[in-house]
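To keep things clear, I will list the structure first and then write my remarks on it.
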Amino acid sequence: MSEPNDMTCAELADVAAELALGVLTGRERALAVAHLEGCDACREDVRQLMATSEQLLELLPPAEPPAGFETRVLERLGLPAPALAEPPAPASEDTYPRLISRREASQWRPGSAGSGTRPGADQPAAPPARPGGTRRPGRIRRALAAAAVGLALIAAGLGGWRIGAGPSPAASSAAGPLTSARLLSATHQGVGNIFLYSGAERWLYMSVDLGAGDGTVTCQVVSTDGRVTTIGKFRLTGGYGGWGTPDPGNIGTLRGARLLSANGTVLASASFAHW
Amino acid sequence: MGTVGTSGERLPDEALLAGLGAGDAELAVAFVRRFQRVVFGVARAVISDPTTAEDVAQHAFEQAWRHASLYDSRRGSVRTWLTTITHNLAIDVVRARSALPMDPDDLPVLLSAMTDNPERVAVANDSAKGLRQALGRLPAPQARAVAMSGIYGMTAQQVADTEGIPLGTAKTRIRDGMQKLRSAYLPEEAGDE
């Protein structure tokens, strides 16, 4: 089976670490890659070394980025940056994971992300830039457009995620604890996203942008047998709000969710892909 | 029943990544805040110039945003995925500019940081702890060779030139060092060999 120039398993073992670390070059690399194509044992050997090298990177010490880093990242993505200053980093302890407070998250700088061409703005997944101007509608359009593009991407590249933007059985077949769906208004306009997480911890999180209106809304979930359960209430300001709960009830059998106004009108609903 | 506010606080990493990919501004902020020190730490470990390191770190978040749908939780954690993205970008920048990244004289400091203060690095699982300890137990020449290749992206020849040793010695140090780390990180697999 071996050609004269083929690499043997013993020779592969000598360079497996370099290959896994990505530092093998030239003819050695070509021969090693060719060997792996026909040798499961050596491929597994390299896979383990690659996993080790990836874990090695996680031992690197965290470092505090320069001031304004967070804002610059969000601008680069065409997303609105928080109006408030970034929280100062603790001097002596690691900040991972950094969490965002409700107050910080609820205050966005109006019209902060609509100018010019940023890196990625011409890419398929980039949220479209908008001309400056109106306070909320522009942001809403941008957010919804971004959500639509993003969800389309997620649905297209399922990988190990149980994510889908629509009622596609195929989309729900992949293993994984996370499911997302779009919240649709009565006129079938996208008005937000809802995420269900059913791993070791259970979560439901949603962001809603109806465009206008202040008031308290009720979130209900609908199980596969048709039972409707109210799981909480939260407030929308200018039609916008986000809310989550660590206890979304019978999450494994949810068919969908919906938002009701104070008078019981269904404002928006979502269907999960696994239904 | 408690609520978790308007942000991604306490949401799992995967949910934040999904929100980032979907263009959800709040979850994107939470994602960046959760991982920015990790990402910048990786970039800064490879690249000496802080401005270039920041550009790499920003690019890493952009890549995560653009390719969030490609993340596969079966292949590793979000943190591992993001760390690998950042490292690849950093190595690419260093190689494109044909310059050595950090000064190898800084290696003792870096290795010390990688093997000390585990609580600061927030790697919680036992296998990572075993890897950290194994790195600390490696003979210094092997640890340096592994770090030069695994962190700085240096070839065996570059390691040999930097250390003033024959190429074969450099390759052996990289191989032996990585095998010991693998045995510590994946003891069950190593035992099968």
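Letters for chains follow the order of the structure tokens (A, B, ...), residue numbers begin at 1 for each chain, and ligand numbers begin at 1 in the order shown.
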Run DSSP on the backbone and give me the residues of segment 12-163 of chain B it puts in alpha helix (DSSP H), as a PyMOL selection string.
-> chain B and resi 13-21+25-46+50-66+78-96+107-115+118-121+126-137+140-150+156-163
Have a look at B:Val78, B:Leu135, B:Ile174, B:Ala60 and name the one nearest to Ala113 of chain B; count only C-alpha atoms.
-> B:Leu135
Best match for closeness to Ala81 of chain A among B:Leu11, B:Leu82, B:Ala57, B:Val32, counting only C-alpha atoms | B:Val32
Which one of B:Asp24, B:Asp55, B:Asp92, B:Asp13 sits closest to Gly153 of chain B if you count only C-alpha atoms?
-> B:Asp92
Do you know which residues are at most 9 Å from Ala156 of chain B counting only C-alpha atoms, after dropping those on the same chain fewer than 5 positions away, and could you put them as a list in words?
->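 Result of the neighbour search: Glu18, Val23 and Leu24 of chain A; Ala145, Met148, Ser149, Asp161, Leu167, Gly168, Thr169, Ala170, Lys171 and Ile174 of chain B.
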For segment 43-48 of chain A, please output as number ranges by chain all residues within 10 Å (counting only C-alpha atoms; exclusion window: fewer than 6 positions along the same chain).
-> A: 12-13, 15-21, 32-33, 35-37, 54; B: 179, 182-183, 185-186, 189-190, 193
Quick one: write out the picked residues with N, CA and C atoms as an mmCIF file, in the first residue's frame?
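Produced file part.cif, reproduced below:
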```cif
data_model
loop_
_atom_site.group_PDB
_atom_site.id
_atom_site.type_symbol
_atom_site.label_atom_id
_atom_site.label_comp_id
_atom_site.auth_asym_id
_atom_site.auth_seq_id
_atom_site.Cartn_x
_atom_site.Cartn_y
_atom_site.Cartn_z
ATOM 1 N N LEU A 12 5.230 9.459 11.072
ATOM 2 C CA LEU A 12 4.140 10.398 11.372
ATOM 3 C C LEU A 12 4.147 10.773 12.845
ATOM 4 N N ALA A 13 4.380 9.768 13.685
ATOM 5 C CA ALA A 13 4.379 10.040 15.124
ATOM 6 C C ALA A 13 5.428 11.075 15.497
ATOM 7 N N VAL A 15 6.271 13.654 13.812
ATOM 8 C CA VAL A 15 5.890 15.021 13.430
ATOM 9 C C VAL A 15 4.434 15.331 13.770
ATOM 10 N N ALA A 16 3.757 14.400 14.433
ATOM 11 C CA ALA A 16 2.330 14.593 14.722
ATOM 12 C C ALA A 16 2.091 15.859 15.545
ATOM 13 N N ALA A 17 2.967 16.107 16.518
ATOM 14 C CA ALA A 17 2.776 17.284 17.368
ATOM 15 C C ALA A 17 2.926 18.563 16.556
ATOM 16 N N GLU A 18 3.939 18.601 15.714
ATOM 17 C CA GLU A 18 4.125 19.793 14.871
ATOM 18 C C GLU A 18 2.932 19.991 13.943
ATOM 19 N N LEU A 19 2.416 18.900 13.406
ATOM 20 C CA LEU A 19 1.246 19.004 12.530
ATOM 21 C C LEU A 19 0.041 19.538 13.308
ATOM 22 N N ALA A 20 -0.151 19.003 14.505
ATOM 23 C CA ALA A 20 -1.287 19.428 15.317
ATOM 24 C C ALA A 20 -1.166 20.894 15.729
ATOM 25 N N LEU A 21 0.051 21.337 15.917
ATOM 26 C CA LEU A 21 0.266 22.730 16.321
ATOM 27 C C LEU A 21 0.255 23.685 15.129
ATOM 28 N N ALA A 32 2.677 14.096 5.615
ATOM 29 C CA ALA A 32 1.907 13.770 6.821
ATOM 30 C C ALA A 32 0.405 13.806 6.530
ATOM 31 N N VAL A 33 -0.022 14.836 5.830
ATOM 32 C CA VAL A 33 -1.440 14.950 5.498
ATOM 33 C C VAL A 33 -1.877 13.776 4.626
ATOM 34 N N HIS A 35 -0.592 10.838 4.580
ATOM 35 C CA HIS A 35 -0.648 9.635 5.423
ATOM 36 C C HIS A 35 -1.952 9.594 6.225
ATOM 37 N N LEU A 36 -2.349 10.736 6.737
ATOM 38 C CA LEU A 36 -3.557 10.761 7.578
ATOM 39 C C LEU A 36 -4.807 10.371 6.789
ATOM 40 N N GLU A 37 -4.781 10.651 5.516
ATOM 41 C CA GLU A 37 -5.965 10.327 4.712
ATOM 42 C C GLU A 37 -6.270 8.841 4.709
ATOM 43 N N GLU A 54 -5.375 23.053 21.644
ATOM 44 C CA GLU A 54 -6.444 24.039 21.842
ATOM 45 C C GLU A 54 -6.635 24.338 23.321
ATOM 46 N N GLN B 179 3.446 15.198 23.851
ATOM 47 C CA GLN B 179 2.955 13.876 24.269
ATOM 48 C C GLN B 179 2.680 13.837 25.771
ATOM 49 N N ARG B 182 -0.516 15.781 26.342
ATOM 50 C CA ARG B 182 -1.666 15.001 25.897
ATOM 51 C C ARG B 182 -2.015 13.920 26.927
ATOM 52 N N SER B 183 -1.011 13.274 27.472
ATOM 53 C CA SER B 183 -1.260 12.234 28.474
ATOM 54 C C SER B 183 -1.947 12.804 29.713
ATOM 55 N N TYR B 185 -3.846 15.656 29.660
ATOM 56 C CA TYR B 185 -5.153 16.214 29.295
ATOM 57 C C TYR B 185 -6.141 15.126 28.906
ATOM 58 N N LEU B 186 -5.662 14.104 28.228
ATOM 59 C CA LEU B 186 -6.532 13.017 27.777
ATOM 60 C C LEU B 186 -5.976 11.691 28.289
ATOM 61 N N GLU B 189 -7.342 8.315 26.714
ATOM 62 C CA GLU B 189 -6.903 7.998 25.361
ATOM 63 C C GLU B 189 -5.443 7.576 25.342
ATOM 64 N N ALA B 190 -4.635 8.299 26.110
ATOM 65 C CA ALA B 190 -3.219 7.985 26.117
ATOM 66 C C ALA B 190 -2.972 6.575 26.631
ATOM 67 N N GLU B 193 -2.851 3.573 24.147
ATOM 68 C CA GLU B 193 -1.800 3.385 23.148
ATOM 69 C C GLU B 193 -0.823 2.305 23.562
#
```
Record the distance separating atom CA of Thr80 of chain B and atom CA of Ala30 of chain A, expressed in Å with one decimal.
->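 Result for atom CA of Thr80 of chain B versus atom CA of Ala30 of chain A: 26.9 Å, one decimal.
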Of A:Ser271, A:Ser185, A:Ser180, A:Thr253, the one sitting nearest chain B when using only C-alpha atoms is A:Ser180
Identify, on the basis of only C-alpha atoms, every residue whose closest approach to Ser269 of chain A does not exceed 10 Å; exclude the query and any residue fewer than 5 positions from it along the same chain; express the result as a VMD selection string.
-> chain A and resid 181 to 186 188 190 to 192 194 219 to 221 256 to 260
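Considering only C-alpha atoms, the residue among A:Thr216, A:Thr245, A:Thr187, A:Thr179 positioned nearest to chain B is A:Thr245.
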Which distance in Å separates atom CA of Leu49 of chain A and atom CA of Ala143 of chain B, to one decimal?
->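 Calculated distance between atom CA of Leu49 of chain A and atom CA of Ala143 of chain B is 15.2 Å.
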Could you please determine the separation between atom CA of Gly244 of chain A and atom CA of Leu27 of chain B in Å, to one decimal place?
-> 11.7 Å
Nearest to chain A among B:His67, B:Arg175, B:Arg144, B:Lys180, with distances taken over only C-alpha atoms: which residue is it?
->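 Nearest to chain A: B:Arg175.
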